[in-house]
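Peer 1: Once you've had a glance at the structure underneath, I'll fire off some questions.
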Amino acid sequence: MTDYSAMTVGELIDARSENNEELRAANKVVKDLKEKEDLIDAAIIVKLDAQQSTRAANGTGSVSINSTEEPNPDDWEKIYAHILETEDFALLHRRLSATAIRELAKMGMLPPGVSTRTVRTVNFRAGK
């Protein structure tokens with residue numbers, strides 16, 4: 001393992017640049033493999049549907065088709081009205097919009113129960 005604490009800032013920037021290139025290449029491989037997997041899965045679904053089956057296996061492995069119902073919001077105003085009327089907030093993900101909270105914080109208007117924290121990151125731009 002590399003001891004980054006012993007490096008100069010210039011060496012660290014070089015290391016970050018090299019790491020970014022490796023990460024970019026690895027992410028491209030992952031993206032390409034995921035696209036390939038999606039195409040294979042689509043072909044499996046077509047073949048199994050044609051056989052009126054949901055499962056198949058061979059010596060390498062097995063596949064099965066799972067079906068789930070996923071929500072599809074058709075009218076957000078009606079959904080929000082229902083949530084407010086029933087107080088069924090479990091229908092929503094519990095996550096604040098960072099952009100909206102930042103804007104309110106700039107105006108000194110944080111909603112009750114909300115605080116902010118500072119997250120520090122390194123912004124790297126290649127010199128090429």
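A note on labels: chains of the structure tokens are A, B, ... as shown, every chain counts residues from 1, and ligands are counted from 1 in their shown order.
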Determine, counting only C-alpha atoms, which protein, DNA and RNA residues have an atom within 8 Å of an atom of region 16-32 of chain A; residues of the same chain fewer than 4 positions away are not included. Present the result as a list in words.
Peer 2: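 Surrounding residues, per the criterion: Leu12, Lys36, Phe124 and Ala126 of chain A.
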Peer 1: Output C-alpha atoms for every residue in the selection just made, as a short mmCIF file (atom, residue, chain, number, x, y, z; two decimals), in the first residue's frame.
Peer 2:
```cif
data_model
loop_
_atom_site.label_atom_id
_atom_site.label_comp_id
_atom_site.auth_asym_id
_atom_site.auth_seq_id
_atom_site.Cartn_x
_atom_site.Cartn_y
_atom_site.Cartn_z
CA LEU A 12 -0.37 13.48 -4.77
CA LYS A 36 -24.16 -6.54 -22.22
CA PHE A 124 -9.69 17.45 -9.38
CA ALA A 126 -6.95 17.13 -15.37
#
```
